[in-house]
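Colleague: My structure file target.cif, mmCIF, C-alpha atoms and all ligand atoms, is below:
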```
data_model
#
loop_
_atom_site.label_atom_id
_atom_site.label_comp_id
_atom_site.auth_asym_id
_atom_site.auth_seq_id
_atom_site.Cartn_x
_atom_site.Cartn_y
_atom_site.Cartn_z
CA MET A 279 44.68 -4.45 8.15
CA ILE A 280 42.66 -7.28 9.61
CA ASP A 281 44.48 -10.17 11.30
CA ARG A 282 42.44 -13.30 10.82
CA LEU A 283 44.85 -15.72 12.49
CA ASP A 284 43.28 -17.25 15.58
CA THR A 285 46.14 -17.99 17.97
CA PHE A 286 46.28 -19.54 21.45
CA LEU A 287 46.61 -16.00 22.77
CA HIS A 288 43.32 -15.01 21.14
CA LYS A 289 41.65 -18.19 22.37
CA GLY A 290 42.88 -17.54 25.91
CA LYS A 291 41.64 -13.96 25.87
CA ARG A 292 38.29 -15.16 24.55
CA LYS A 293 37.96 -17.62 27.43
CA ASN A 294 38.59 -14.77 29.87
CA LEU A 295 35.93 -12.70 28.10
CA VAL A 296 33.44 -15.55 28.46
CA GLU A 297 34.19 -15.73 32.20
CA LEU A 298 33.68 -11.96 32.46
CA LEU A 299 30.32 -12.22 30.65
CA ARG A 300 29.31 -15.00 33.04
CA LYS A 301 30.16 -12.72 35.99
CA LYS A 302 28.18 -9.91 34.36
CA GLY A 303 25.09 -12.14 34.39
CA CYS A 304 25.00 -14.10 31.11
CA THR A 305 23.73 -17.55 32.05
CA ASP A 306 22.91 -19.01 28.63
CA GLU A 307 25.62 -21.60 27.97
CA ASN A 308 24.80 -21.73 24.25
CA VAL A 309 25.38 -17.98 23.94
CA LEU A 310 28.64 -18.23 25.91
CA ALA A 311 29.80 -21.15 23.73
CA ALA A 312 29.06 -19.12 20.57
CA ILE A 313 31.02 -16.13 21.90
CA ASN A 314 33.86 -18.50 22.77
CA LYS A 315 33.99 -19.56 19.12
CA VAL A 316 33.83 -16.23 17.25
CA PRO A 317 37.25 -14.57 16.65
CA ARG A 318 36.19 -11.00 17.53
CA HIS A 319 39.69 -9.71 16.76
CA ALA A 320 39.20 -10.69 13.11
CA PHE A 321 36.29 -8.24 12.84
CA LEU A 322 38.37 -5.29 14.03
CA ASP A 323 41.19 -3.24 12.61
CA SER A 324 44.58 -4.52 13.84
CA ALA A 325 44.98 -1.29 15.85
CA PHE A 326 42.49 -2.81 18.33
CA LEU A 327 44.01 -6.28 18.37
CA ASN A 328 45.13 -6.13 21.99
CA PHE A 329 41.72 -4.92 23.16
CA ALA A 330 39.45 -7.05 20.97
CA TYR A 331 38.44 -9.23 23.93
CA ASP A 332 37.80 -6.37 26.34
CA ASP A 333 34.15 -5.63 27.01
CA GLU A 334 34.31 -2.46 24.92
CA ALA A 335 32.78 -0.98 21.79
CA PHE A 336 35.23 0.05 19.03
CA PRO A 337 34.98 2.02 15.79
CA ILE A 338 34.43 -0.16 12.71
CA GLY A 339 34.60 2.68 10.17
CA GLU A 340 32.01 5.01 8.62
CA GLY A 341 31.18 6.43 12.06
CA GLN A 342 29.76 3.09 13.29
CA THR A 343 30.80 0.87 16.21
CA ILE A 344 30.90 -2.83 17.05
CA SER A 345 28.67 -3.49 20.09
CA HIS A 346 30.12 -4.37 23.52
CA PRO A 347 30.41 -8.18 23.86
CA SER A 348 28.16 -7.93 26.95
CA THR A 349 25.48 -6.21 24.83
CA VAL A 350 25.83 -8.88 22.12
CA ALA A 351 25.51 -11.59 24.81
CA PHE A 352 22.49 -9.88 26.41
CA GLN A 353 20.60 -9.30 23.15
CA THR A 354 21.36 -12.83 21.93
CA GLU A 355 20.22 -14.36 25.24
CA LEU A 356 16.96 -12.39 25.13
CA LEU A 357 16.17 -13.83 21.68
CA LYS A 358 15.69 -17.30 23.30
CA LEU A 359 16.96 -18.91 20.09
CA LYS A 360 15.88 -22.33 18.85
CA LYS A 361 17.85 -24.09 16.09
CA THR A 362 14.86 -23.87 13.73
CA ASP A 363 14.54 -20.08 14.10
CA LYS A 364 14.66 -17.72 11.15
CA VAL A 365 16.26 -14.55 12.47
CA LEU A 366 16.30 -11.03 11.02
CA GLU A 367 19.16 -8.78 12.11
CA ILE A 368 19.05 -5.03 11.48
CA GLY A 369 22.48 -3.34 11.39
CA THR A 370 25.07 -5.92 10.30
CA GLY A 371 27.97 -3.53 10.89
CA CYS A 372 31.19 -5.53 10.98
CA GLY A 373 29.26 -8.80 11.21
CA TYR A 374 30.31 -9.85 14.72
CA GLN A 375 26.76 -10.21 16.07
CA THR A 376 25.82 -12.01 12.83
CA ALA A 377 28.63 -14.52 13.41
CA VAL A 378 27.47 -15.12 17.01
CA LEU A 379 23.93 -15.80 15.74
CA LEU A 380 25.26 -18.19 13.08
CA GLU A 381 27.29 -20.06 15.74
CA MET A 382 23.96 -20.55 17.57
CA GLY A 383 22.88 -22.61 14.55
CA VAL A 384 20.01 -20.39 13.35
CA LYS A 385 19.23 -19.10 9.86
CA VAL A 386 20.20 -15.41 9.67
CA TYR A 387 18.96 -12.66 7.35
CA THR A 388 20.87 -9.44 7.95
CA ILE A 389 20.50 -5.87 6.62
CA GLU A 390 23.05 -3.05 6.53
CA ARG A 391 22.27 0.41 5.14
CA GLN A 392 25.81 1.78 5.02
CA GLN A 393 27.20 0.79 1.63
CA LYS A 394 30.92 0.75 2.49
CA LEU A 395 30.34 -1.38 5.57
CA TYR A 396 28.07 -3.65 3.57
CA GLU A 397 30.76 -4.17 0.91
CA LYS A 398 33.48 -4.78 3.52
CA THR A 399 31.48 -7.21 5.65
CA ARG A 400 30.13 -9.05 2.58
CA VAL A 401 33.72 -10.06 1.83
CA LEU A 402 34.85 -10.64 5.41
CA LEU A 403 32.10 -12.97 6.70
CA PRO A 404 32.59 -15.77 4.11
CA LYS A 405 36.38 -15.50 4.57
CA LEU A 406 35.82 -16.32 8.24
CA GLY A 407 33.55 -19.22 7.29
CA TYR A 408 30.21 -17.51 7.95
CA THR A 409 27.48 -17.75 5.34
CA THR A 410 24.44 -15.57 5.77
CA ARG A 411 21.69 -13.98 3.69
CA PHE A 412 23.06 -10.47 3.51
CA PHE A 413 21.11 -7.45 2.20
CA TYR A 414 22.05 -3.85 1.46
CA GLY A 415 18.89 -2.00 2.45
CA ASP A 416 16.88 -0.11 5.01
CA GLY A 417 16.12 -1.88 8.26
CA TYR A 418 12.97 0.21 8.70
CA GLU A 419 11.54 -1.75 5.77
CA GLY A 420 12.75 -5.17 6.91
CA LEU A 421 12.58 -7.96 4.32
CA PRO A 422 8.90 -8.42 3.36
CA ASN A 423 9.78 -11.06 0.76
CA HIS A 424 11.43 -13.27 3.39
CA ALA A 425 8.98 -12.73 6.28
CA PRO A 426 7.74 -13.96 8.68
CA PHE A 427 10.66 -14.12 11.12
CA ASP A 428 10.73 -15.99 14.43
CA LYS A 429 13.15 -13.50 15.95
CA ILE A 430 14.26 -9.95 15.12
CA ILE A 431 17.33 -8.28 16.60
CA VAL A 432 17.97 -4.57 16.03
CA THR A 433 21.52 -3.40 16.79
CA ALA A 434 20.99 0.35 16.20
CA ALA A 435 18.92 2.79 18.28
CA ALA A 436 15.39 3.10 16.90
CA PRO A 437 13.08 5.99 17.83
CA TYR A 438 10.14 3.52 17.84
CA PRO A 439 9.55 -0.10 16.74
CA PRO A 440 9.24 0.10 12.92
CA ASP A 441 5.76 -0.95 11.67
CA ALA A 442 7.23 -3.11 8.88
CA LEU A 443 9.22 -5.12 11.45
CA LEU A 444 6.17 -5.64 13.69
CA LYS A 445 4.28 -6.91 10.62
CA GLN A 446 7.11 -9.27 9.67
CA MET A 447 7.12 -11.03 13.06
CA ALA A 448 5.59 -14.52 13.13
CA LEU A 449 2.96 -15.18 15.79
CA GLY A 450 4.85 -15.63 19.08
CA ALA A 451 7.99 -14.02 17.60
CA ILE A 452 10.36 -11.99 19.76
CA MET A 453 11.97 -8.68 18.76
CA ILE A 454 14.87 -7.21 20.76
CA ILE A 455 15.25 -3.52 20.00
CA PRO A 456 16.90 -0.56 21.77
CA ILE A 457 14.43 2.33 21.72
CA GLY A 458 15.16 5.98 22.37
CA LYS A 459 15.94 9.23 20.61
CA GLY A 460 18.62 10.58 22.97
CA SER A 461 22.14 9.38 23.76
CA GLU A 462 20.75 6.46 25.78
CA GLN A 463 18.14 3.91 24.83
CA ILE A 464 16.04 1.35 26.66
CA MET A 465 16.35 -2.27 25.58
CA ASN A 466 12.86 -3.45 24.64
CA VAL A 467 11.58 -7.00 24.33
CA ILE A 468 8.49 -7.19 22.11
CA ILE A 469 6.48 -10.40 21.77
CA LYS A 470 3.81 -10.75 19.09
CA LYS A 471 0.63 -12.12 20.67
CA SER A 472 -1.68 -11.62 17.67
CA ASP A 473 -1.69 -9.54 14.47
CA THR A 474 -2.67 -6.50 16.52
CA GLN A 475 -1.41 -7.32 20.03
CA PHE A 476 2.15 -7.02 21.27
CA GLU A 477 3.57 -7.49 24.77
CA ARG A 478 6.43 -5.12 25.54
CA SER A 479 8.93 -5.06 28.41
CA GLU A 480 11.85 -2.74 29.11
CA LEU A 481 15.25 -3.99 30.29
CA GLY A 482 17.87 -1.40 31.13
CA LYS A 483 19.76 1.41 29.44
CA TYR A 484 22.19 1.05 26.53
CA LYS A 485 24.05 3.26 24.04
CA PHE A 486 23.72 2.44 20.35
CA VAL A 487 24.43 4.39 17.17
CA PRO A 488 21.17 5.66 15.65
CA MET A 489 19.07 3.63 13.24
CA VAL A 490 18.99 5.92 10.21
CA LYS A 491 16.16 6.05 7.69
CA SER A 492 16.79 4.90 4.08
CA LYS A 493 19.94 3.61 2.39
CA SER A 494 22.99 5.81 2.07
CA GLY A 495 26.66 5.50 1.21
CA TYR A 496 27.52 8.01 3.93
N1 LIG A 501 25.89 -5.58 15.13
C1 LIG A 501 26.85 -4.64 14.68
C2 LIG A 501 26.59 -3.29 15.31
C3 LIG A 501 26.89 -2.21 14.35
S1 LIG A 501 26.37 -0.60 14.83
C4 LIG A 501 28.26 -5.12 14.98
O1 LIG A 501 28.42 -5.98 15.85
O2 LIG A 501 29.21 -4.66 14.34
C5 LIG A 501 24.80 -0.47 14.05
C6 LIG A 501 24.77 -0.70 12.55
O3 LIG A 501 23.45 -0.40 12.11
C7 LIG A 501 25.70 0.23 11.74
O4 LIG A 501 26.50 -0.57 10.92
C8 LIG A 501 24.74 1.09 10.93
O5 LIG A 501 25.24 1.45 9.65
C9 LIG A 501 23.52 0.18 10.82
N2 LIG A 501 22.26 0.86 10.54
C10 LIG A 501 21.85 2.08 10.97
N3 LIG A 501 20.61 2.35 10.48
C11 LIG A 501 20.24 1.28 9.73
C12 LIG A 501 19.08 0.96 8.96
N4 LIG A 501 18.05 1.80 8.84
N5 LIG A 501 19.04 -0.24 8.33
C13 LIG A 501 20.08 -1.12 8.42
N6 LIG A 501 21.21 -0.87 9.12
C14 LIG A 501 21.29 0.31 9.77
#
```
I need this file expressed as structure tokens, please.
Modeller:
Amino acid sequence: MIDRLDTFLHKGKRKNLVELLRKKGCTDENVLAAINKVPRHAFLDSAFLNFAYDDEAFPIGEGQTISHPSTVAFQTELLKLKKTDKVLEIGTGCGYQTAVLLEMGVKVYTIERQQKLYEKTRVLLPKLGYTTRFFYGDGYEGLPNHAPFDKIIVTAAAPYPPDALLKQMALGAIMIIPIGKGSEQIMNVIIKKSDTQFERSELGKYKFVPMVKSKSGY
């Protein structure tokens, strides 16, 4: 069962989490303010209620996990969001990262390939007051009908940057994507310089669930 009540206890724990993220190096006050607003406990099963504001990843069903808050903060900070940005998120999962992006005031398009998670999160996000453009599909394909995007955030481990996503970046767009085939991936920042030129930098090791090809209910 999911507990959506946001109590003083939750708010207090969230404040402590924000202070922890600050200590861990997050300096973007807008990102910290967004994290301070999103009730992470409401995205998790009540079994994890007491730990929802720890800097930990937890199972969200169907073999998937919610990202560590520090990873959410880091990826969101790297996006260098502006209020006018149109953002594509690959791997909605439980919708926590989506909610953080929405609290940043940007327009979010998000794709999930796992049908059960898609159905669950499609109901949960509006209940928590978050409206997004939500698609059941394959992140490797992106959303050609809604491109170009100013920012792309991938929250599953990709073996390489998908061609369709590179194509769907606007000129000057930023994509944050963990790349690697093994148990660890390297966070990549890709900036589109022209239709054929991309600048890429690597920023530390992370552990994500794999980005799987094509849609599937399993
Ligand atoms: N941002 C999410 C993280 C979820 S884990 C959260 O905070 O909860 C990564 C998610 O990516 C999983 O839900 C998984 O089902 C999804 N995923 C994996 N491959 C995908 C693909 N090809 N297209 C879209 N989503 C994908």
Colleague: Find the distance between CA of Lys491 (chain A) and atom C7 of ligand LIG 501 (chain A) and write it in Å to one decimal.
Modeller: 11.9 Å
Colleague: Report, in Å to a single decimal, how far apart CA of Lys405 (chain A) and CA of Ala330 (chain A) are.
Modeller: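 The value is 18.7 Å.
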Colleague: Residues within 7 Å of ligand LIG 501 (chain A) should be enumerated using only C-alpha atoms and all ligand atoms and returned as a PyMOL selection string.
Modeller: chain A and resi 342-345+368-376+389-392+395+415-418+433-434+486-493
Colleague: Could those residues be written to a file, using C-alpha atoms, as a compact mmCIF listing (two decimals), in the coordinates of the input?
Modeller:
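Produced file again_36.txt, reproduced below:
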```txt
# COMPACT_ATOMS: atom_id res chain seq x y z
CA GLN A 342 29.76 3.09 13.29
CA THR A 343 30.80 0.87 16.21
CA ILE A 344 30.90 -2.83 17.05
CA SER A 345 28.67 -3.49 20.09
CA ILE A 368 19.05 -5.03 11.48
CA GLY A 369 22.48 -3.34 11.39
CA THR A 370 25.07 -5.92 10.30
CA GLY A 371 27.97 -3.53 10.89
CA CYS A 372 31.19 -5.53 10.98
CA GLY A 373 29.26 -8.80 11.21
CA TYR A 374 30.31 -9.85 14.72
CA GLN A 375 26.76 -10.21 16.07
CA THR A 376 25.82 -12.01 12.83
CA ILE A 389 20.50 -5.87 6.62
CA GLU A 390 23.05 -3.05 6.53
CA ARG A 391 22.27 0.41 5.14
CA GLN A 392 25.81 1.78 5.02
CA LEU A 395 30.34 -1.38 5.57
CA GLY A 415 18.89 -2.00 2.45
CA ASP A 416 16.88 -0.11 5.01
CA GLY A 417 16.12 -1.88 8.26
CA TYR A 418 12.97 0.21 8.70
CA THR A 433 21.52 -3.40 16.79
CA ALA A 434 20.99 0.35 16.20
CA PHE A 486 23.72 2.44 20.35
CA VAL A 487 24.43 4.39 17.17
CA PRO A 488 21.17 5.66 15.65
CA MET A 489 19.07 3.63 13.24
CA VAL A 490 18.99 5.92 10.21
CA LYS A 491 16.16 6.05 7.69
CA SER A 492 16.79 4.90 4.08
CA LYS A 493 19.94 3.61 2.39
```
Colleague: Write out as a PyMOL selection string which residues come within 9 Å of Leu310 (chain A) when counting all atoms listed in the file, dropping same-chain ones fewer than 6 positions away.
Modeller: chain A and resi 296-297+299-300+304+351
Colleague: How about saving the chosen residues, C-alpha atoms kept, as an mmCIF file, in the coordinates of the input?
Modeller:
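result-v5.cif was written with the following content:
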```cif
data_model
loop_
_atom_site.group_PDB
_atom_site.id
_atom_site.type_symbol
_atom_site.label_atom_id
_atom_site.label_comp_id
_atom_site.auth_asym_id
_atom_site.auth_seq_id
_atom_site.Cartn_x
_atom_site.Cartn_y
_atom_site.Cartn_z
ATOM 1 C CA VAL A 296 33.440 -15.550 28.460
ATOM 2 C CA GLU A 297 34.190 -15.730 32.200
ATOM 3 C CA LEU A 299 30.320 -12.220 30.650
ATOM 4 C CA ARG A 300 29.310 -15.000 33.040
ATOM 5 C CA CYS A 304 25.000 -14.100 31.110
ATOM 6 C CA ALA A 351 25.510 -11.590 24.810
#
```
Colleague: Kindly indicate which residue among A:Thr349, A:Gln463, A:Thr474, A:Thr410 lies nearest to Ile313 (chain A), using only C-alpha atoms for the distances.
Modeller: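 Once distances to Ile313 (chain A) are computed over only C-alpha atoms, the minimum belongs to A:Thr349.
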Colleague: For Val378 (chain A), list every protein, DNA or RNA residue within 12 Å, evaluated using only C-alpha atoms, and leave out those in the same chain fewer than 3 positions away; present the list as a ChimeraX atom specification.
Modeller: /A:308-318,321,347,350-355,359,367,370,372-375,381-386,403,408-410
Colleague: Go ahead and fit an axis-aligned box to every listed atom of region 440-444 of chain A plus 4 Å each side, and pass me the centre and edge lengths in Å, one decimal, as JSON.
Modeller:
```
{"center_x": 7.5, "center_y": -2.8, "center_z": 11.3, "size_x": 11.5, "size_y": 13.7, "size_z": 12.8}
```
Colleague: Counting all atoms listed in the file, which residue out of A:Ala442, A:Leu327, A:Ala435, A:Leu283 sits closest to Glu462 (chain A)?
Modeller: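 So, comparing all the options, the nearest one is A:Ala435.
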